[in-house]
file run-v1.txt (compact mmCIF, C-alpha atoms)
# COMPACT_ATOMS: atom_id res chain seq x y z
CA MET A 1 49.60 -17.51 -30.43
CA ARG A 2 50.00 -14.55 -28.09
CA THR A 3 48.47 -14.49 -24.61
CA ALA A 4 46.64 -11.48 -23.28
CA GLY A 5 48.87 -10.78 -20.26
CA ARG A 6 48.57 -7.62 -18.20
CA GLU A 7 47.58 -5.42 -21.11
CA GLY A 8 44.68 -7.70 -22.01
CA ALA A 9 43.49 -7.76 -18.40
CA GLY A 10 43.34 -3.97 -18.38
CA TRP A 11 41.28 -3.92 -21.56
CA ALA A 12 38.97 -6.57 -20.10
CA ARG A 13 38.41 -4.46 -16.98
CA LEU A 14 37.70 -1.41 -19.12
CA ALA A 15 35.19 -3.41 -21.16
CA LEU A 16 33.40 -4.57 -18.00
CA LEU A 17 33.29 -0.98 -16.73
CA ALA A 18 31.81 0.18 -20.03
CA LEU A 19 29.21 -2.59 -19.87
CA ALA A 20 28.22 -1.62 -16.33
CA ALA A 21 28.04 2.07 -17.27
CA GLY A 22 25.91 1.23 -20.28
CA ALA A 23 23.39 -0.43 -17.98
CA VAL A 24 23.50 2.02 -15.07
CA VAL A 25 23.63 5.42 -16.78
CA PRO A 26 20.24 5.16 -18.55
CA LEU A 27 18.59 3.95 -15.33
CA VAL A 28 20.03 6.84 -13.33
CA ALA A 29 19.02 9.32 -16.01
CA ALA A 30 15.46 7.95 -16.05
CA GLY A 31 15.03 8.39 -12.30
CA PRO A 32 13.16 6.14 -9.86
CA ARG A 33 10.10 5.78 -12.08
CA GLY A 34 12.25 4.66 -15.01
CA VAL A 35 14.00 2.08 -12.83
CA LEU A 36 10.62 0.68 -11.77
CA ARG A 37 9.52 0.43 -15.39
CA ALA A 38 12.75 -1.32 -16.34
CA LEU A 39 12.34 -3.84 -13.52
CA LEU A 40 8.73 -4.49 -14.50
CA GLY A 41 9.85 -5.02 -18.09
CA LEU A 42 12.45 -7.56 -16.99
CA ALA A 43 9.86 -9.29 -14.83
CA GLY A 44 7.61 -9.56 -17.88
CA LEU A 45 10.38 -11.14 -19.92
CA ALA A 46 10.64 -14.11 -17.53
CA PRO A 47 7.22 -15.67 -18.28
CA ALA A 48 7.71 -14.89 -21.97
CA ALA A 49 11.00 -16.81 -21.94
CA VAL A 50 9.36 -19.75 -20.15
CA GLY A 51 6.52 -19.82 -22.67
CA LEU A 52 8.97 -19.74 -25.56
CA TRP A 53 10.97 -22.58 -24.02
CA TRP A 54 7.84 -24.70 -23.50
CA THR A 55 6.75 -24.03 -27.08
CA LEU A 56 10.09 -25.04 -28.55
CA ALA A 57 11.05 -27.91 -26.24
CA HIS A 58 7.80 -29.75 -25.59
CA SER A 59 4.85 -31.13 -27.50
CA GLY A 60 1.14 -31.57 -26.98
CA ALA A 61 -0.71 -29.60 -24.32
CA VAL A 62 2.47 -28.15 -22.79
CA ARG A 63 3.41 -26.67 -26.18
CA THR A 64 -0.06 -25.13 -26.49
CA VAL A 65 0.15 -23.60 -23.01
CA GLY A 66 3.61 -22.24 -23.80
CA ALA A 67 2.37 -20.66 -27.01
CA VAL A 68 -0.53 -18.99 -25.22

call {"tool": "encode", "arguments": {"input": "run-v1.txt", "output": "C-alpha cells"}}
result
Amino acid sequence: MRTAGREGAGWARLALLALAAGAVVPLVAAGPRGVLRALLGLAGLAPAAVGLWWTLAHSGAVRTVGAV
C-alpha cells in the first residue's frame, strides 16, 4: 500500500482550503444580514439536535419532551 507523502499533504491542504472557501464565500456574498441569518439558523439547529437525541436515546417523559 502506498503512503500519501508530500504530494498527498498538498492535496489535503488544497481540500481544506476548498472547504473553507465553500463556507466563507457564500457568507461574504450575503453580507452582514446573511451572516446573522446563518448564525441564527445554526443556533436553531442546536435545540433540534438535542430534541432528536432525547427522542432516540431515552424513553418515557424525556422522549416525549424531546419529540416536542

call {"tool": "atom_distance", "arguments": {"input": "run-v1.txt", "atom1": "atom CA of Leu19 of chain A", "atom2": "atom CA of Ala38 of chain A"}}
result
16.9 Å

call {"tool": "atom_distance", "arguments": {"input": "run-v1.txt", "atom1": "atom CA of Arg37 of chain A", "atom2": "atom CA of Gly22 of chain A"}}
result
17.1 Å

call {"tool": "atom_distance", "arguments": {"input": "run-v1.txt", "atom1": "atom CA of Thr55 of chain A", "atom2": "atom CA of Ala43 of chain A"}}
result
19.4 Å

call {"tool": "axis_aligned_box", "arguments": {"input": "run-v1.txt", "around": "segment 40-43 of chain A", "padding_each_side": "8 Å", "output": "lines of an AutoDock Vina configuration file"}}
result
center_x = 10.6
center_y = -6.9
center_z = -16.3
size_x = 19.7
size_y = 20.8
size_z = 19.6

call {"tool": "residues_around", "arguments": {"input": "run-v1.txt", "residues": "Trp53 of chain A", "least_positions_apart": "2", "cutoff": "12 Å", "atoms": "all atoms listed in the file", "output": "ChimeraX atom specification"}}
result
/A:46-51,55-59,62-67
